[in-house]
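See below for data-v5.pdb, which holds PDB, C-alpha atoms and all ligand atoms.
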MODEL        1
ATOM      1  CA  MET A   1      18.536 -11.839  31.344
ATOM      2  CA  THR A   2      18.891  -8.862  33.634
ATOM      3  CA  ASP A   3      16.936  -8.815  36.869
ATOM      4  CA  SER A   4      17.465  -5.070  37.332
ATOM      5  CA  PRO A   5      14.496  -2.731  36.836
ATOM      6  CA  LEU A   6      16.968  -0.028  35.817
ATOM      7  CA  ARG A   7      18.792   0.204  32.512
ATOM      8  CA  PRO A   8      22.289  -1.307  32.591
ATOM      9  CA  LEU A   9      24.862   0.737  30.654
ATOM     10  CA  TYR A  10      28.383  -0.120  29.496
ATOM     11  CA  PHE A  11      30.467   3.063  29.073
ATOM     12  CA  ASP A  12      33.502   3.085  26.762
ATOM     13  CA  CYS A  13      35.726   6.159  27.075
ATOM     14  CA  ASP A  14      39.163   7.747  26.663
ATOM     15  CA  THR A  15      38.958   9.880  29.827
ATOM     16  CA  GLY A  16      39.569  12.957  28.825
ATOM     17  CA  ILE A  17      38.005  16.110  30.311
ATOM     18  CA  ASP A  18      34.654  15.898  28.553
ATOM     19  CA  ASP A  19      34.627  12.142  29.143
ATOM     20  CA  ALA A  20      35.063  12.939  32.853
ATOM     21  CA  LEU A  21      32.136  15.359  32.697
ATOM     22  CA  ALA A  22      30.057  12.686  30.944
ATOM     23  CA  LEU A  23      31.000  10.171  33.637
ATOM     24  CA  ALA A  24      30.040  12.645  36.368
ATOM     25  CA  TYR A  25      26.698  13.032  34.615
ATOM     26  CA  LEU A  26      26.142   9.279  34.363
ATOM     27  CA  LEU A  27      27.002   8.855  38.050
ATOM     28  CA  ALA A  28      24.291  11.384  38.837
ATOM     29  CA  SER A  29      21.689   9.828  36.534
ATOM     30  CA  PRO A  30      19.136   7.630  38.302
ATOM     31  CA  GLU A  31      17.725   6.373  34.974
ATOM     32  CA  ILE A  32      20.673   4.046  34.333
ATOM     33  CA  VAL A  33      23.007   1.741  36.208
ATOM     34  CA  LEU A  34      26.672   1.896  35.266
ATOM     35  CA  ALA A  35      27.359  -1.803  34.753
ATOM     36  CA  GLY A  36      30.968  -1.407  33.662
ATOM     37  CA  ILE A  37      33.486   0.896  32.015
ATOM     38  CA  GLY A  38      36.104   0.116  29.384
ATOM     39  CA  THR A  39      38.883   2.504  28.463
ATOM     40  CA  VAL A  40      40.569   3.057  25.124
ATOM     41  CA  SER A  41      43.425   5.208  23.887
ATOM     42  CA  GLY A  42      42.387   8.508  22.384
ATOM     43  CA  ASN A  43      42.691  11.703  24.390
ATOM     44  CA  THR A  44      45.286   9.871  26.488
ATOM     45  CA  ASP A  45      46.386   6.235  26.534
ATOM     46  CA  ALA A  46      44.030   3.498  27.703
ATOM     47  CA  ARG A  47      45.892   2.904  31.009
ATOM     48  CA  GLN A  48      45.900   6.578  31.958
ATOM     49  CA  ALA A  49      42.232   6.776  30.946
ATOM     50  CA  ALA A  50      41.545   3.915  33.376
ATOM     51  CA  ARG A  51      43.474   5.683  36.162
ATOM     52  CA  ASN A  52      41.432   8.816  35.535
ATOM     53  CA  THR A  53      38.204   6.837  35.500
ATOM     54  CA  LEU A  54      39.021   5.021  38.745
ATOM     55  CA  GLY A  55      39.979   8.325  40.362
ATOM     56  CA  ILE A  56      36.581   9.813  39.532
ATOM     57  CA  LEU A  57      34.767   6.684  40.708
ATOM     58  CA  ASP A  58      36.731   6.855  43.971
ATOM     59  CA  LEU A  59      35.630  10.459  44.486
ATOM     60  CA  ALA A  60      32.042   9.320  43.899
ATOM     61  CA  GLY A  61      32.379   6.362  46.271
ATOM     62  CA  ARG A  62      31.517   3.970  43.423
ATOM     63  CA  GLU A  63      33.979   1.122  43.954
ATOM     64  CA  ASP A  64      31.269  -1.222  42.630
ATOM     65  CA  VAL A  65      31.734  -0.239  38.980
ATOM     66  CA  PRO A  66      34.283  -2.488  37.199
ATOM     67  CA  VAL A  67      36.826  -0.722  34.977
ATOM     68  CA  SER A  68      38.768  -2.657  32.329
ATOM     69  CA  VAL A  69      41.635  -1.375  30.220
ATOM     70  CA  GLY A  70      41.045  -1.749  26.508
ATOM     71  CA  SER A  71      43.088  -1.280  23.386
ATOM     72  CA  HIS A  72      46.287   0.755  23.523
ATOM     73  CA  ASP A  73      46.732   0.811  19.747
ATOM     74  CA  PHE A  74      44.138   1.322  17.048
ATOM     75  CA  LEU A  75      43.186  -1.444  14.602
ATOM     76  CA  ALA A  76      45.416  -0.301  11.745
ATOM     77  CA  ARG A  77      47.739   2.245  13.339
ATOM     78  CA  PRO A  78      49.603   2.734  16.630
ATOM     79  CA  TYR A  79      48.380   5.137  19.305
ATOM     80  CA  ASP A  80      49.912   8.519  18.501
ATOM     81  CA  GLY A  81      50.243  10.197  21.906
ATOM     82  CA  GLY A  82      46.725  11.602  22.232
ATOM     83  CA  ALA A  83      45.720  15.230  22.602
ATOM     84  CA  PRO A  84      47.620  16.757  25.556
ATOM     85  CA  TYR A  85      47.034  20.217  24.083
ATOM     86  CA  VAL A  86      43.271  19.683  24.570
ATOM     87  CA  HIS A  87      43.105  17.515  27.709
ATOM     88  CA  GLY A  88      46.470  18.041  29.451
ATOM     89  CA  SER A  89      49.362  15.624  29.852
ATOM     90  CA  ASN A  90      47.362  13.388  32.223
ATOM     91  CA  GLY A  91      44.112  13.638  30.238
ATOM     92  CA  VAL A  92      42.302  15.560  32.964
ATOM     93  CA  GLY A  93      43.750  19.030  32.603
ATOM     94  CA  GLU A  94      46.642  18.456  35.074
ATOM     95  CA  VAL A  95      44.163  18.010  37.934
ATOM     96  CA  SER A  96      45.344  15.453  40.512
ATOM     97  CA  LEU A  97      42.761  12.764  41.122
ATOM     98  CA  PRO A  98      43.080  10.231  43.954
ATOM     99  CA  GLU A  99      45.484   7.372  43.263
ATOM    100  CA  PRO A 100      43.151   4.476  42.470
ATOM    101  CA  ALA A 101      42.533   2.446  45.616
ATOM    102  CA  ARG A 102      41.710  -0.677  43.601
ATOM    103  CA  PRO A 103      43.095  -2.390  40.501
ATOM    104  CA  VAL A 104      41.445  -2.490  37.132
ATOM    105  CA  ALA A 105      39.236  -5.515  36.483
ATOM    106  CA  ASP A 106      40.700  -8.640  34.907
ATOM    107  CA  GLY A 107      40.377  -8.987  31.150
ATOM    108  CA  THR A 108      40.129  -6.425  28.391
ATOM    109  CA  ALA A 109      37.373  -3.906  27.844
ATOM    110  CA  ALA A 110      36.090  -6.144  25.034
ATOM    111  CA  ASP A 111      35.938  -9.056  27.495
ATOM    112  CA  LEU A 112      33.985  -6.892  29.946
ATOM    113  CA  LEU A 113      31.509  -5.765  27.285
ATOM    114  CA  ILE A 114      30.914  -9.349  26.148
ATOM    115  CA  ARG A 115      30.477 -10.583  29.725
ATOM    116  CA  LEU A 116      27.987  -7.805  30.528
ATOM    117  CA  SER A 117      26.091  -8.512  27.299
ATOM    118  CA  HIS A 118      25.427 -12.031  28.594
ATOM    119  CA  GLU A 119      24.543 -10.886  32.119
ATOM    120  CA  HIS A 120      22.067  -8.319  30.740
ATOM    121  CA  ALA A 121      21.158  -9.971  27.435
ATOM    122  CA  GLY A 122      18.817  -7.809  25.409
ATOM    123  CA  ALA A 123      18.909  -4.988  27.950
ATOM    124  CA  LEU A 124      22.499  -3.753  27.944
ATOM    125  CA  GLU A 125      22.980  -0.328  26.407
ATOM    126  CA  VAL A 126      26.356   0.891  25.176
ATOM    127  CA  LEU A 127      27.653   4.450  25.258
ATOM    128  CA  ALA A 128      30.984   5.011  23.463
ATOM    129  CA  VAL A 129      32.691   8.391  23.629
ATOM    130  CA  GLY A 130      36.186   7.550  22.431
ATOM    131  CA  PRO A 131      37.682   5.746  19.443
ATOM    132  CA  LEU A 132      35.637   2.635  18.672
ATOM    133  CA  THR A 133      38.515   0.160  18.945
ATOM    134  CA  ASN A 134      37.125  -1.762  21.946
ATOM    135  CA  LEU A 135      33.686  -2.159  20.384
ATOM    136  CA  ALA A 136      35.216  -3.393  17.131
ATOM    137  CA  ALA A 137      37.430  -5.819  19.071
ATOM    138  CA  ALA A 138      34.404  -7.155  20.941
ATOM    139  CA  LEU A 139      32.457  -7.642  17.690
ATOM    140  CA  ALA A 140      35.409  -9.507  16.171
ATOM    141  CA  GLN A 141      35.768 -11.655  19.293
ATOM    142  CA  ASP A 142      32.055 -12.484  19.469
ATOM    143  CA  PRO A 143      30.061 -11.943  16.250
ATOM    144  CA  THR A 144      26.806 -12.596  18.177
ATOM    145  CA  LEU A 145      27.422  -9.622  20.487
ATOM    146  CA  ALA A 146      25.182  -7.216  18.565
ATOM    147  CA  ASP A 147      22.158  -9.496  19.099
ATOM    148  CA  ARG A 148      22.331  -8.959  22.879
ATOM    149  CA  ILE A 149      22.688  -5.162  22.852
ATOM    150  CA  ALA A 150      19.625  -2.928  23.176
ATOM    151  CA  GLY A 151      21.289   0.068  21.580
ATOM    152  CA  VAL A 152      24.566   1.899  21.020
ATOM    153  CA  THR A 153      25.062   5.650  21.395
ATOM    154  CA  ILE A 154      28.280   7.049  19.956
ATOM    155  CA  MET A 155      29.850  10.490  20.198
ATOM    156  CA  GLY A 156      31.577  10.759  16.885
ATOM    157  CA  GLY A 157      31.640  11.979  13.354
ATOM    158  CA  ALA A 158      30.688  15.112  11.483
ATOM    159  CA  ALA A 159      27.675  14.848   9.179
ATOM    160  CA  LEU A 160      27.269  18.299   7.653
ATOM    161  CA  ALA A 161      29.566  20.169  10.031
ATOM    162  CA  ALA A 162      33.301  20.653   9.635
ATOM    163  CA  GLY A 163      35.652  18.175  11.271
ATOM    164  CA  ASN A 164      37.741  19.002  14.310
ATOM    165  CA  ILE A 165      40.907  16.983  13.738
ATOM    166  CA  THR A 166      41.001  17.348   9.952
ATOM    167  CA  PRO A 167      38.813  19.568   7.793
ATOM    168  CA  VAL A 168      36.307  16.714   7.450
ATOM    169  CA  ALA A 169      36.960  14.232  10.276
ATOM    170  CA  GLU A 170      36.051  14.167  13.965
ATOM    171  CA  ALA A 171      38.707  12.926  16.409
ATOM    172  CA  ASN A 172      37.073   9.742  17.756
ATOM    173  CA  ILE A 173      36.363   8.404  14.276
ATOM    174  CA  ALA A 174      39.619   9.681  12.783
ATOM    175  CA  ASN A 175      41.681   7.931  15.455
ATOM    176  CA  ASP A 176      40.378   4.538  14.333
ATOM    177  CA  PRO A 177      38.330   4.685  11.130
ATOM    178  CA  GLU A 178      38.594   0.917  10.573
ATOM    179  CA  ALA A 179      37.007   0.287  13.972
ATOM    180  CA  ALA A 180      34.303   2.882  13.316
ATOM    181  CA  ALA A 181      33.464   1.267   9.969
ATOM    182  CA  ALA A 182      33.021  -2.126  11.653
ATOM    183  CA  VAL A 183      30.902  -0.732  14.489
ATOM    184  CA  LEU A 184      28.613   1.296  12.221
ATOM    185  CA  ALA A 185      28.132  -1.716   9.941
ATOM    186  CA  ALA A 186      27.199  -4.125  12.760
ATOM    187  CA  PRO A 187      23.543  -5.159  13.113
ATOM    188  CA  TRP A 188      22.732  -3.123  16.217
ATOM    189  CA  PRO A 189      20.808   0.149  16.454
ATOM    190  CA  VAL A 190      23.242   3.075  16.628
ATOM    191  CA  THR A 191      22.575   6.689  17.564
ATOM    192  CA  LEU A 192      25.450   8.769  16.232
ATOM    193  CA  VAL A 193      25.962  12.089  18.033
ATOM    194  CA  PRO A 194      28.232  14.119  15.743
ATOM    195  CA  LEU A 195      29.941  17.498  15.945
ATOM    196  CA  ASP A 196      26.874  19.013  14.222
ATOM    197  CA  VAL A 197      25.122  18.955  17.607
ATOM    198  CA  THR A 198      27.952  18.659  20.142
ATOM    199  CA  MET A 199      29.593  21.899  19.017
ATOM    200  CA  GLU A 200      26.220  23.652  19.416
ATOM    201  CA  ASN A 201      26.083  22.757  23.122
ATOM    202  CA  VAL A 202      28.545  24.628  25.311
ATOM    203  CA  PHE A 203      29.415  25.213  28.936
ATOM    204  CA  GLU A 204      29.909  28.895  29.724
ATOM    205  CA  THR A 205      32.067  29.978  32.651
ATOM    206  CA  GLU A 206      28.953  30.306  34.826
ATOM    207  CA  HIS A 207      28.213  26.596  34.317
ATOM    208  CA  ARG A 208      31.751  25.761  35.396
ATOM    209  CA  ASP A 209      31.303  28.029  38.416
ATOM    210  CA  ARG A 210      28.253  25.998  39.448
ATOM    211  CA  LEU A 211      30.360  22.840  39.483
ATOM    212  CA  LEU A 212      33.125  24.547  41.450
ATOM    213  CA  ALA A 213      30.593  25.746  44.022
ATOM    214  CA  SER A 214      29.119  22.283  44.487
ATOM    215  CA  ASP A 215      29.780  20.226  47.611
ATOM    216  CA  SER A 216      30.229  17.161  45.383
ATOM    217  CA  PRO A 217      33.920  16.175  45.100
ATOM    218  CA  VAL A 218      33.262  14.846  41.585
ATOM    219  CA  ALA A 219      31.649  18.090  40.449
ATOM    220  CA  SER A 220      34.425  20.263  41.851
ATOM    221  CA  ALA A 221      37.173  18.058  40.363
ATOM    222  CA  VAL A 222      35.547  18.220  36.926
ATOM    223  CA  GLY A 223      35.035  21.956  37.393
ATOM    224  CA  GLU A 224      38.797  22.266  37.965
ATOM    225  CA  MET A 225      39.526  20.248  34.816
ATOM    226  CA  LEU A 226      37.335  22.527  32.711
ATOM    227  CA  ASP A 227      39.797  25.385  33.191
ATOM    228  CA  PHE A 228      42.228  23.617  30.824
ATOM    229  CA  TYR A 229      39.444  22.637  28.386
ATOM    230  CA  MET A 230      38.117  26.201  28.227
ATOM    231  CA  ASP A 231      41.623  27.461  27.492
ATOM    232  CA  PHE A 232      41.628  25.234  24.416
ATOM    233  CA  TYR A 233      38.103  26.091  23.253
ATOM    234  CA  THR A 234      38.563  29.836  23.600
ATOM    235  CA  ASN A 235      40.282  29.687  20.244
ATOM    236  CA  SER A 236      37.369  27.830  18.601
ATOM    237  CA  TYR A 237      34.518  29.983  19.922
ATOM    238  CA  GLY A 238      36.227  33.330  20.422
ATOM    239  CA  ARG A 239      35.123  33.403  24.063
ATOM    240  CA  ARG A 240      35.851  31.350  27.161
ATOM    241  CA  CYS A 241      33.579  28.290  27.032
ATOM    242  CA  SER A 242      33.802  24.636  26.062
ATOM    243  CA  ALA A 243      32.024  22.180  23.779
ATOM    244  CA  LEU A 244      29.975  19.397  25.377
ATOM    245  CA  HIS A 245      30.755  16.451  23.114
ATOM    246  CA  ASP A 246      30.660  13.422  25.396
ATOM    247  CA  PRO A 247      28.115  14.835  27.880
ATOM    248  CA  LEU A 248      25.607  15.378  25.050
ATOM    249  CA  ALA A 249      25.970  11.765  23.940
ATOM    250  CA  ALA A 250      25.528  10.709  27.591
ATOM    251  CA  ALA A 251      22.369  12.783  28.029
ATOM    252  CA  ILE A 252      20.917  11.353  24.800
ATOM    253  CA  ALA A 253      21.786   7.821  25.928
ATOM    254  CA  VAL A 254      20.155   8.442  29.313
ATOM    255  CA  GLY A 255      17.074   9.930  27.626
ATOM    256  CA  SER A 256      17.173  13.389  29.211
ATOM    257  CA  ILE A 257      17.843  15.049  25.884
ATOM    258  CA  THR A 258      15.800  13.876  22.908
ATOM    259  CA  PRO A 259      16.901  14.010  19.288
ATOM    260  CA  VAL A 260      14.233  15.786  17.231
ATOM    261  CA  ASN A 261      15.932  15.418  13.874
ATOM    262  CA  ALA A 262      17.783  12.120  13.652
ATOM    263  CA  PRO A 263      17.258  10.318  10.368
ATOM    264  CA  ALA A 264      18.331   6.705   9.937
ATOM    265  CA  VAL A 265      20.607   6.852   6.917
ATOM    266  CA  PRO A 266      23.533   4.994   5.372
ATOM    267  CA  VAL A 267      26.825   6.144   6.907
ATOM    268  CA  VAL A 268      30.139   5.228   5.306
ATOM    269  CA  VAL A 269      33.431   5.812   7.104
ATOM    270  CA  ASP A 270      36.350   6.820   4.905
ATOM    271  CA  VAL A 271      39.171   4.349   5.591
ATOM    272  CA  THR A 272      41.405   5.498   2.756
ATOM    273  CA  ASP A 273      44.763   7.154   3.345
ATOM    274  CA  GLY A 274      43.645  10.305   1.552
ATOM    275  CA  PRO A 275      42.487  13.649   2.956
ATOM    276  CA  GLY A 276      39.045  12.218   3.718
ATOM    277  CA  ARG A 277      40.340   9.555   6.132
ATOM    278  CA  GLY A 278      37.999   9.342   9.118
ATOM    279  CA  GLN A 279      35.149  11.264   7.502
ATOM    280  CA  THR A 280      31.624   9.995   8.226
ATOM    281  CA  VAL A 281      29.824  10.255   4.893
ATOM    282  CA  CYS A 282      26.125  10.434   5.811
ATOM    283  CA  ASP A 283      23.516  10.190   3.067
ATOM    284  CA  LEU A 284      21.384  13.207   3.963
ATOM    285  CA  ARG A 285      20.173  13.954   0.467
ATOM    286  CA  GLY A 286      16.533  13.634   1.555
ATOM    287  CA  GLN A 287      16.779  16.168   4.372
ATOM    288  CA  ARG A 288      14.564  18.811   2.762
ATOM    289  CA  ARG A 289      11.557  16.529   2.480
ATOM    290  CA  GLY A 290      11.073  15.920   6.243
ATOM    291  CA  ALA A 291      11.155  12.333   7.502
ATOM    292  CA  PHE A 292      13.427  10.402   5.196
ATOM    293  CA  ASP A 293      14.601   7.289   7.025
ATOM    294  CA  HIS A 294      16.251   4.825   4.683
ATOM    295  CA  PRO A 295      14.716   1.339   4.916
ATOM    296  CA  GLY A 296      17.136  -0.956   6.704
ATOM    297  CA  ALA A 297      19.497   1.803   7.851
ATOM    298  CA  THR A 298      20.699   1.081  11.407
ATOM    299  CA  VAL A 299      22.483   4.366  12.166
ATOM    300  CA  ARG A 300      20.503   7.408  13.304
ATOM    301  CA  VAL A 301      22.444  10.634  12.855
ATOM    302  CA  VAL A 302      21.478  13.311  15.372
ATOM    303  CA  LEU A 303      21.136  16.702  13.659
ATOM    304  CA  ALA A 304      19.029  18.527  16.268
ATOM    305  CA  THR A 305      17.876  18.026  19.865
ATOM    306  CA  ASP A 306      14.868  19.190  21.847
ATOM    307  CA  ARG A 307      16.678  21.551  24.224
ATOM    308  CA  PRO A 308      20.132  22.825  25.124
ATOM    309  CA  LEU A 309      22.129  20.602  27.467
ATOM    310  CA  ALA A 310      24.207  22.980  29.569
ATOM    311  CA  ASP A 311      21.816  23.960  32.378
ATOM    312  CA  HIS A 312      20.522  20.428  32.888
ATOM    313  CA  LEU A 313      24.087  19.092  32.888
ATOM    314  CA  ALA A 314      25.319  21.654  35.405
ATOM    315  CA  ASP A 315      22.311  21.095  37.685
ATOM    316  CA  ARG A 316      22.635  17.346  37.627
ATOM    317  CA  VAL A 317      26.403  17.153  38.078
ATOM    318  CA  ALA A 318      26.510  19.838  40.755
ATOM    319  CA  GLY A 319      23.890  17.841  42.653
ATOM    320  CA  THR A 320      25.813  14.569  42.336
ATOM    321  CA  ALA A 321      25.936  13.943  46.072
ATOM    322  CA  ARG A 322      22.143  14.045  46.265
ATOM    323  CA  GLU A 323      21.465  12.122  43.046
ATOM    324  CA  THR A 324      23.880   9.172  43.258
ATOM    325  CA  PRO A 325      21.796   6.196  42.106
ATOM    326  CA  THR A 326      21.426   3.055  44.148
ATOM    327  CA  THR A 327      23.595   0.241  42.805
ATOM    328  CA  ALA A 328      22.120  -2.769  41.013
TER     329      ALA A 328
HETATM  330  C1  LIG B   1      35.771  13.810  20.931
HETATM  331  O1  LIG B   1      37.189  13.712  20.922
HETATM  332  C2  LIG B   1      37.703  13.746  22.214
HETATM  333  O2  LIG B   1      38.732  14.677  22.323
HETATM  334  C3  LIG B   1      36.563  14.135  23.130
HETATM  335  O3  LIG B   1      36.678  13.486  24.384
HETATM  336  C4  LIG B   1      35.348  13.703  22.379
HETATM  337  O4  LIG B   1      35.015  12.375  22.667
HETATM  338  C5  LIG B   1      35.366  15.091  20.247
HETATM  339  O5  LIG B   1      35.798  15.083  18.930
HETATM  340 CA    CA B   2      36.053  11.214  24.554
ENDMDL
END

Would you give me this structure, written as structure tokens?
Amino acid sequence: MTDSPLRPLYFDCDTGIDDALALAYLLASPEIVLAGIGTVSGNTDARQAARNTLGILDLAGREDVPVSVGSHDFLARPYDGGAPYVHGSNGVGEVSLPEPARPVADGTAADLLIRLSHEHAGALEVLAVGPLTNLAAALAQDPTLADRIAGVTIMGGAALAAGNITPVAEANIANDPEAAAAVLAAPWPVTLVPLDVTMENVFETEHRDRLLASDSPVASAVGEMLDFYMDFYTNSYGRRCSALHDPLAAAIAVGSITPVNAPAVPVVVDVTDGPGRGQTVCDLRGQRRGAFDHPGATVRVVLATDRPLADHLADRVAGTARETPTTA
């Protein structure tokens, strides 16, 4: 059992510009303790994601947080080279982060998650903002894992919104639908944060400017990265801004943003080879009658939140130096 009064969190990511912004947010969030980070291929490969993660932790002076490299390839398909057109060739918009001063932790990300689940049995929370390969690997390695996890928050999927990597599929789920199917079927409570809400939360250039003006090295580095991300999203929104996918999932996991419409419903992941591959098929047929949780459903699908994220995110990340939590 944990002896920490704070909430231990395992963070699984494919760092990535919005992953980096989510990490900056977590580092500035006194509600949780970052117990460990696992990386996975997605936006970039798992090793580069770990380098990026260690670089950000170095800037934050958080050498205490273990980082393990997870899966390079997906369960059924090889890693395909990521999304350099969205996140840059190094995953962080061509920004140079410090060369990591320490090695990654021994063992895989799945090993780290399982170890932390024993150290904080019943209390460990999981936040996954990349493909779900590491979580699926951990479940396969230890089928009792789900019993020791307090909750899982996932950035992924598209419930009623359009996809972003295919007409119907969101990138994290589409990269590894087999892993997503296993994770969503496991007996742990999941909060799924899909494109329906993440695309509705955006950073404008003035939010980026607040990060750039901050005296926090983490905030200014992430502010630099957002230049590349905003270039990409200009085409989606028709103005210079960026979606806040992973930071919204982080803020929901932390508890600063509250879902106000998040029914627990059956969610099926399309694992076929057809045009629906990677789609999250959410049974929202009861949505017009108010509360319509399905008995026994373990996945809550976030369709609306209590307030916009951007100002809170900018304030918290820009104040990182003042808000760095004490370590467990
Ligand atoms: C998700 O895909 C990645 O590109 C982002 O980091 C985010 O996790 C959005 O579809
Ligand atoms: Ca991500």

Item to check | Surrounding residues as a VMD selection string, ligand LIG 1 (chain B), max 6 Å, only C-alpha atoms and all ligand atoms | outcome: chain A and resid 16 18 to 19 43 129 to 130 170 to 172 245 to 246

Checklist entry - Smallest atom-to-atom distance to Gly88 in chain A: which of A:Asp231, A:Asp283, A:Asp142, A:Asp111, using only C-alpha atoms? => result A:Asp231

Item to check | Neighbour residues at most 9 Å from (20.9, 15.0, 22.3) (only C-alpha atoms) as JSON, numbers by chain | outcome: {"A": [193, 197, 198, 248, 249, 250, 251, 252, 253, 255, 256, 257, 258, 259, 260, 302, 303, 304, 305, 306, 307, 308, 309]}

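Once the PyMOL selection byres (((chain A and resi 186) around 12) and not hetatm) is applied to the shown structure, the selection contains Leu135, Ala136, Ala138, Leu139, Ala140, Asp142, Pro143, Thr144, Leu145, Ala146, Asp147, Ile149, Gly151, Val152, Ala179, Ala180, Ala181, Ala182, Val183, Leu184, Ala185, Pro187, Trp188, Pro189, Val190, Val267, Ala297, Thr298 and Val299 of chain A.
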
As a compact mmCIF listing (two decimals) with C-alpha atoms, in the frame of the given file, please: the residues near Gly274 in chain A (cut-off 12 Å, all atoms listed in the file, same-chain neighbours under 3 positions excluded).
# COMPACT_ATOMS: atom_id res chain seq x y z
CA THR A 166 41.00 17.35 9.95
CA VAL A 168 36.31 16.71 7.45
CA ALA A 169 36.96 14.23 10.28
CA ALA A 174 39.62 9.68 12.78
CA ASP A 270 36.35 6.82 4.90
CA VAL A 271 39.17 4.35 5.59
CA ARG A 277 40.34 9.56 6.13
CA GLY A 278 38.00 9.34 9.12
CA GLN A 279 35.15 11.26 7.50

Next on the checklist: One decimal, in Å: what's the spacing between CA of Gly223 in chain A and CA of Thr153 in chain A?
Outcome noted: 24.9 Å

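In this comparison, which uses all atoms listed in the file, the residue of A:Gly319, A:Gly91, A:Pro295, A:Pro275 approaching ligand CA 2 (chain B) most closely is A:Gly91.
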
Just add N, CA and C atoms to range 102-117 of chain A and send it as a short mmCIF file (atom, residue, chain, number, x, y, z; two decimals), keeping the file's coordinate frame.
data_model
loop_
_atom_site.label_atom_id
_atom_site.label_comp_id
_atom_site.auth_asym_id
_atom_site.auth_seq_id
_atom_site.Cartn_x
_atom_site.Cartn_y
_atom_site.Cartn_z
N ARG A 102 41.95 0.72 44.01
CA ARG A 102 41.71 -0.68 43.60
C ARG A 102 42.28 -0.87 42.20
N PRO A 103 42.56 -2.13 41.84
CA PRO A 103 43.10 -2.39 40.50
C PRO A 103 42.00 -2.37 39.45
N VAL A 104 42.42 -2.31 38.21
CA VAL A 104 41.44 -2.49 37.13
C VAL A 104 40.96 -3.94 37.15
N ALA A 105 39.80 -4.16 36.53
CA ALA A 105 39.24 -5.52 36.48
C ALA A 105 40.06 -6.39 35.55
N ASP A 106 40.01 -7.69 35.79
CA ASP A 106 40.70 -8.64 34.91
C ASP A 106 40.08 -8.60 33.52
N GLY A 107 40.89 -8.91 32.51
CA GLY A 107 40.38 -8.99 31.15
C GLY A 107 40.37 -7.63 30.47
N THR A 108 40.15 -7.67 29.17
CA THR A 108 40.13 -6.42 28.39
C THR A 108 38.75 -5.78 28.46
N ALA A 109 38.67 -4.57 27.94
CA ALA A 109 37.37 -3.91 27.84
C ALA A 109 36.43 -4.72 26.97
N ALA A 110 36.95 -5.31 25.90
CA ALA A 110 36.09 -6.14 25.03
C ALA A 110 35.55 -7.33 25.82
N ASP A 111 36.41 -7.94 26.65
CA ASP A 111 35.94 -9.06 27.50
C ASP A 111 34.81 -8.59 28.41
N LEU A 112 35.00 -7.42 29.01
CA LEU A 112 33.98 -6.89 29.95
C LEU A 112 32.66 -6.65 29.22
N LEU A 113 32.73 -6.04 28.05
CA LEU A 113 31.51 -5.76 27.28
C LEU A 113 30.79 -7.07 26.94
N ILE A 114 31.54 -8.06 26.51
CA ILE A 114 30.91 -9.35 26.15
C ILE A 114 30.29 -10.00 27.39
N ARG A 115 31.03 -9.98 28.50
CA ARG A 115 30.48 -10.58 29.72
C ARG A 115 29.17 -9.88 30.13
N LEU A 116 29.19 -8.55 30.13
CA LEU A 116 27.99 -7.80 30.53
C LEU A 116 26.83 -8.05 29.56
N SER A 117 27.16 -8.27 28.28
CA SER A 117 26.09 -8.51 27.30
C SER A 117 25.38 -9.83 27.58
#
